[in-house]
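One structure below.
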Amino acid sequence: MIAREIEDLLRDLAPQVLGALVRRYGHFDLAEDAVQEALLAATTQWPPLPDEPRTWLIRVASRKLIDLLRSEQARREREEVPVAPSGPVSAQDDSLILLFMCCHPALPRTGQIALTLRAVGGLTTGEIARALFAPEATMGQRISRAKKTIKQSGVSFAMPAEHAERLDAVLQVLYLIFNEGYTSTSGPVLARVELSTEAIRLARMLHRSLPGDGEVAGLLALMLLTDARRAARTGPGDMLIPMAEQDRTLWDRAQIAEGAALVTAAMSRNKPGPYQIQAAIAAVHDEAPTPDATDWEQILALYTLLDQMSDNPMVTLNRVVALAMARGVATGFALLEQLRTDRILAEHHRFAAVEAHLAELAGDLELAAEQYRSAAHRTLSEPERRYLVTKAARLES
């Protein structure tokens, strides 16, 4: 097994091992430290893989945690848990419980999301900071405070009886994990399939637990409809291929059918929320047999509705594109100019990429090439940078 495959396996198993330790011992913060040490041990000792990788990790992490508990003899919490196990640690998958635990209502929303992305998603502090548009140092402080609050709360490791007060944060966390997996915010690869796959797995678990919740169904549908295009997103050399140029025969029609059925059923039963609307947009794209057949008026209407519900700047940028496609490039440019006053948004690589796309549609190839290069300079994703530089070079030639 190559190093990359081991890394993916460890990322998948990490939240399951953390959940098992917290269920048995408590001490969320120390358990996370123990799991990190076990993961480090695995990277030096694998391959060969043990027969039961998760059991191996749980056993090693348990020993590390016991050592950490012994080193804190003066703390009161040490008296509240056994120093040695009275029986084996459960190897059941506690990922969903861990997800809700990290979204404890004692934490502010930003703390809930940051902690869960760290513990369940396995994202680094830098990746979380970029996903939430915050400085990395600030995000590190939020995660530390969140761990301390969880520790002091004495919360039991069990699925909460009332989901409602935590569900919004849980959904946002799964959404962010999926997005980071589908399009990495930094690094040499466009996608981190292990992250998007884990997000879908957790969303399925959540949907089974809450089958009547429209937004849970909407989020799962959105993930399926988006992930269905994965095989067509890249070409030779991991070069990014935009949706309009993708080979649609490579799209996963079974996933598209499942996602479309989920969102259609959810919207027929519930007042649509943001995830259902995003899923509906994805369904319109996926069900168009060709790019020219895309119903941009419907997409524009859905983005307008979504923009009224959300303060997400990426939604507004997507509405700019939909407006340009449905009503003409000039109307798209007019809205983009209004957004330029938002300095943080205007400095994001996606803003420059959208401006480049509109300029290309308008035939202003010089401006388009300039903005594609500007977007390439700002992005931290190497595959995106290669694509943007290539686009600029083609327009200049």
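Labeling convention for the structure tokens: chains A, B, ... as they appear, residues from 1 per chain, ligands from 1 in order of appearance.
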
Shell around Ala199 of chain A at 8 Å using only C-alpha atoms, local window under 3 positions removed, as a VMD selection string
chain A and resid 174 to 175 177 to 178 195 to 196 202 to 203

Keeping only all heavy atoms, take the residues you just selected and write them out as a PDB file, in the first residue's frame.
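part_13.pdb, freshly written:
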ATOM      1  N   LEU A 174     -20.616  19.507   7.486  1.00  0.00           N
ATOM      2  CA  LEU A 174     -20.578  18.490   6.429  1.00  0.00           C
ATOM      3  C   LEU A 174     -20.431  19.135   5.053  1.00  0.00           C
ATOM      4  O   LEU A 174     -19.702  18.633   4.179  1.00  0.00           O
ATOM      5  CB  LEU A 174     -21.835  17.628   6.475  1.00  0.00           C
ATOM      6  CG  LEU A 174     -21.971  16.704   7.693  1.00  0.00           C
ATOM      7  CD1 LEU A 174     -23.276  15.923   7.621  1.00  0.00           C
ATOM      8  CD2 LEU A 174     -20.794  15.741   7.779  1.00  0.00           C
ATOM      9  N   TYR A 175     -21.100  20.246   4.859  1.00  0.00           N
ATOM     10  CA  TYR A 175     -21.016  20.993   3.602  1.00  0.00           C
ATOM     11  C   TYR A 175     -19.585  21.455   3.351  1.00  0.00           C
ATOM     12  O   TYR A 175     -19.049  21.313   2.242  1.00  0.00           O
ATOM     13  CB  TYR A 175     -21.979  22.180   3.687  1.00  0.00           C
ATOM     14  CG  TYR A 175     -21.992  23.111   2.502  1.00  0.00           C
ATOM     15  CD1 TYR A 175     -22.557  22.725   1.290  1.00  0.00           C
ATOM     16  CD2 TYR A 175     -21.476  24.409   2.596  1.00  0.00           C
ATOM     17  CE1 TYR A 175     -22.604  23.592   0.200  1.00  0.00           C
ATOM     18  CE2 TYR A 175     -21.513  25.279   1.520  1.00  0.00           C
ATOM     19  CZ  TYR A 175     -22.077  24.871   0.327  1.00  0.00           C
ATOM     20  OH  TYR A 175     -22.117  25.723  -0.744  1.00  0.00           O
ATOM     21  N   ILE A 177     -16.788  20.240   4.721  1.00  0.00           N
ATOM     22  CA  ILE A 177     -15.908  19.081   4.514  1.00  0.00           C
ATOM     23  C   ILE A 177     -16.025  18.596   3.066  1.00  0.00           C
ATOM     24  O   ILE A 177     -15.018  18.311   2.400  1.00  0.00           O
ATOM     25  CB  ILE A 177     -16.258  17.939   5.485  1.00  0.00           C
ATOM     26  CG1 ILE A 177     -15.919  18.342   6.931  1.00  0.00           C
ATOM     27  CG2 ILE A 177     -15.498  16.660   5.121  1.00  0.00           C
ATOM     28  CD1 ILE A 177     -16.385  17.342   7.965  1.00  0.00           C
ATOM     29  N   PHE A 178     -17.251  18.505   2.578  1.00  0.00           N
ATOM     30  CA  PHE A 178     -17.443  18.057   1.195  1.00  0.00           C
ATOM     31  C   PHE A 178     -16.774  19.017   0.221  1.00  0.00           C
ATOM     32  O   PHE A 178     -16.085  18.589  -0.720  1.00  0.00           O
ATOM     33  CB  PHE A 178     -18.931  17.949   0.862  1.00  0.00           C
ATOM     34  CG  PHE A 178     -19.191  17.552  -0.562  1.00  0.00           C
ATOM     35  CD1 PHE A 178     -19.132  16.231  -0.950  1.00  0.00           C
ATOM     36  CD2 PHE A 178     -19.437  18.522  -1.531  1.00  0.00           C
ATOM     37  CE1 PHE A 178     -19.326  15.858  -2.279  1.00  0.00           C
ATOM     38  CE2 PHE A 178     -19.630  18.166  -2.858  1.00  0.00           C
ATOM     39  CZ  PHE A 178     -19.579  16.829  -3.241  1.00  0.00           C
ATOM     40  N   LEU A 195     -12.124  13.056   1.571  1.00  0.00           N
ATOM     41  CA  LEU A 195     -12.936  14.008   2.333  1.00  0.00           C
ATOM     42  C   LEU A 195     -14.371  14.048   1.820  1.00  0.00           C
ATOM     43  O   LEU A 195     -15.325  14.001   2.603  1.00  0.00           O
ATOM     44  CB  LEU A 195     -12.319  15.407   2.259  1.00  0.00           C
ATOM     45  CG  LEU A 195     -11.146  15.728   3.178  1.00  0.00           C
ATOM     46  CD1 LEU A 195     -10.735  17.185   3.011  1.00  0.00           C
ATOM     47  CD2 LEU A 195     -11.497  15.452   4.632  1.00  0.00           C
ATOM     48  N   SER A 196     -14.541  14.187   0.510  1.00  0.00           N
ATOM     49  CA  SER A 196     -15.900  14.250  -0.035  1.00  0.00           C
ATOM     50  C   SER A 196     -16.631  12.930   0.184  1.00  0.00           C
ATOM     51  O   SER A 196     -17.839  12.920   0.481  1.00  0.00           O
ATOM     52  CB  SER A 196     -15.872  14.616  -1.527  1.00  0.00           C
ATOM     53  OG  SER A 196     -15.004  13.765  -2.248  1.00  0.00           O
ATOM     54  N   LEU A 202     -21.243  10.425   6.045  1.00  0.00           N
ATOM     55  CA  LEU A 202     -21.859  11.005   7.239  1.00  0.00           C
ATOM     56  C   LEU A 202     -23.236  11.585   6.926  1.00  0.00           C
ATOM     57  O   LEU A 202     -24.162  11.484   7.737  1.00  0.00           O
ATOM     58  CB  LEU A 202     -20.949  12.091   7.824  1.00  0.00           C
ATOM     59  CG  LEU A 202     -19.646  11.596   8.458  1.00  0.00           C
ATOM     60  CD1 LEU A 202     -18.726  12.764   8.770  1.00  0.00           C
ATOM     61  CD2 LEU A 202     -19.928  10.788   9.725  1.00  0.00           C
ATOM     62  N   ALA A 203     -23.380  12.192   5.751  1.00  0.00           N
ATOM     63  CA  ALA A 203     -24.689  12.729   5.361  1.00  0.00           C
ATOM     64  C   ALA A 203     -25.714  11.612   5.200  1.00  0.00           C
ATOM     65  O   ALA A 203     -26.891  11.777   5.554  1.00  0.00           O
ATOM     66  CB  ALA A 203     -24.562  13.534   4.067  1.00  0.00           C
TER      67      ALA A 203
END

When you look at Leu98 of chain A with a cut-off of 12 Å (counting only C-alpha atoms), what residues show up, excluding the ones that are within fewer than 3 positions of it in the same chain? I need them as a PyMOL selection string.
chain A and resi 14-23+26+28+32+93-95+101-104+112+115-121+150+155-160+170+202

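For the pair atom CA of Arg327 of chain A and atom CA of Leu345 of chain A, the separation is 23.3 Å.
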
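Reported to one decimal place, the separation of atom CA of Pro272 of chain A from atom CA of Leu210 of chain A is 16.3 Å.
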
Atomic distance atom CA of Ala254 of chain A - atom CA of Glu297 of chain A, expressed in Å with one decimal:
26.0 Å

Distance query segment 60-68 of chain A at most 8 Å, only C-alpha atoms, self and fewer than 6 positions along chain excluded, as a JSON list (two decimals) with all heavy atoms, in the first residue's frame:
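See selection06.json below for the written result:
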[["chain", "number", "residue", "atom", "x", "y", "z"],
["A", 17, "VAL", "N", -11.89, 6.50, 15.40],
["A", 17, "VAL", "CA", -11.05, 6.18, 16.55],
["A", 17, "VAL", "C", -11.26, 7.20, 17.66],
["A", 17, "VAL", "O", -11.38, 6.84, 18.84],
["A", 17, "VAL", "CB", -9.56, 6.13, 16.13],
["A", 17, "VAL", "CG1", -8.66, 5.92, 17.34],
["A", 17, "VAL", "CG2", -9.34, 5.04, 15.10],
["A", 21, "LEU", "N", -12.67, 6.49, 21.57],
["A", 21, "LEU", "CA", -11.96, 6.86, 22.79],
["A", 21, "LEU", "C", -12.80, 7.78, 23.67],
["A", 21, "LEU", "O", -12.84, 7.62, 24.89],
["A", 21, "LEU", "CB", -10.62, 7.55, 22.44],
["A", 21, "LEU", "CG", -9.38, 6.65, 22.55],
["A", 21, "LEU", "CD1", -9.43, 5.56, 21.49],
["A", 21, "LEU", "CD2", -8.11, 7.47, 22.43],
["A", 30, "LEU", "N", -7.74, 15.47, 25.42],
["A", 30, "LEU", "CA", -6.65, 14.50, 25.54],
["A", 30, "LEU", "C", -6.84, 13.34, 24.56],
["A", 30, "LEU", "O", -5.86, 12.80, 24.03],
["A", 30, "LEU", "CB", -6.58, 13.96, 26.97],
["A", 30, "LEU", "CG", -6.19, 14.96, 28.06],
["A", 30, "LEU", "CD1", -6.17, 14.28, 29.42],
["A", 30, "LEU", "CD2", -4.84, 15.59, 27.76],
["A", 31, "ALA", "N", -8.08, 12.96, 24.32],
["A", 31, "ALA", "CA", -8.34, 11.87, 23.37],
["A", 31, "ALA", "C", -7.88, 12.27, 21.97],
["A", 31, "ALA", "O", -7.30, 11.45, 21.24],
["A", 31, "ALA", "CB", -9.83, 11.52, 23.36],
["A", 33, "ASP", "N", -5.46, 14.35, 21.24],
["A", 33, "ASP", "CA", -3.99, 14.28, 21.24],
["A", 33, "ASP", "C", -3.52, 12.83, 21.10],
["A", 33, "ASP", "O", -2.56, 12.54, 20.37],
["A", 33, "ASP", "CB", -3.44, 14.87, 22.54],
["A", 33, "ASP", "CG", -3.63, 16.38, 22.62],
["A", 33, "ASP", "OD1", -3.87, 17.01, 21.57],
["A", 33, "ASP", "OD2", -3.57, 16.93, 23.74],
["A", 34, "ALA", "N", -4.20, 11.93, 21.80],
["A", 34, "ALA", "CA", -3.81, 10.51, 21.74],
["A", 34, "ALA", "C", -4.02, 9.94, 20.35],
["A", 34, "ALA", "O", -3.20, 9.15, 19.84],
["A", 34, "ALA", "CB", -4.61, 9.72, 22.77],
["A", 35, "VAL", "N", -5.12, 10.32, 19.71],
["A", 35, "VAL", "CA", -5.38, 9.84, 18.35],
["A", 35, "VAL", "C", -4.31, 10.35, 17.40],
["A", 35, "VAL", "O", -3.82, 9.60, 16.54],
["A", 35, "VAL", "CB", -6.79, 10.27, 17.89],
["A", 35, "VAL", "CG1", -6.98, 9.98, 16.40],
["A", 35, "VAL", "CG2", -7.86, 9.55, 18.69],
["A", 37, "GLU", "N", -1.25, 11.00, 18.07],
["A", 37, "GLU", "CA", -0.02, 10.23, 18.31],
["A", 37, "GLU", "C", -0.14, 8.84, 17.69],
["A", 37, "GLU", "O", 0.84, 8.29, 17.16],
["A", 37, "GLU", "CB", 0.25, 10.13, 19.81],
["A", 37, "GLU", "CG", 0.68, 11.46, 20.43],
["A", 37, "GLU", "CD", 1.25, 11.27, 21.83],
["A", 37, "GLU", "OE1", 1.94, 10.25, 22.07],
["A", 37, "GLU", "OE2", 1.00, 12.13, 22.69],
["A", 38, "ALA", "N", -1.33, 8.24, 17.77],
["A", 38, "ALA", "CA", -1.53, 6.93, 17.16],
["A", 38, "ALA", "C", -1.40, 7.00, 15.64],
["A", 38, "ALA", "O", -0.83, 6.10, 15.00],
["A", 38, "ALA", "CB", -2.89, 6.37, 17.56],
["A", 83, "VAL", "N", -7.94, 4.72, 35.01],
["A", 83, "VAL", "CA", -6.67, 4.94, 34.35],
["A", 83, "VAL", "C", -6.37, 3.81, 33.38],
["A", 83, "VAL", "O", -5.68, 4.00, 32.41],
["A", 83, "VAL", "CB", -5.55, 5.06, 35.41],
["A", 83, "VAL", "CG1", -4.23, 5.32, 34.72],
["A", 83, "VAL", "CG2", -5.87, 6.16, 36.38],
["A", 84, "ALA", "N", -6.91, 2.64, 33.64],
["A", 84, "ALA", "CA", -6.73, 1.51, 32.74],
["A", 84, "ALA", "C", -8.10, 1.00, 32.33],
["A", 84, "ALA", "O", -9.05, 1.09, 33.09],
["A", 84, "ALA", "CB", -5.95, 0.40, 33.45]]

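For the residues A:Ala261, A:Ala324, A:Met243, A:Leu190, ranking by smallest atom-to-atom distance to Leu380 of chain A using only C-alpha atoms places A:Leu190 first.
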
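Of the residues listed (A:Leu176, A:Ala244, A:Ala265, A:Leu40), A:Ala244 shows the shortest atom-to-atom separation from Ala293 of chain A; distances use only C-alpha atoms.
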
To test your reading of the structure, identify every residue in segment 3-248 of chain A that backbone DSSP assigns to alpha helix (DSSP H), and report it as a PyMOL selection string.
chain A and resi 3-25+28-45+53-70+95-102+109-119+125-131+136-153+164-182+193-209+214-227

Which residues come within 9 Å of Gly187 of chain A, counting only C-alpha atoms, excluding same-chain residues fewer than 5 positions away, as a count of residues only?
4
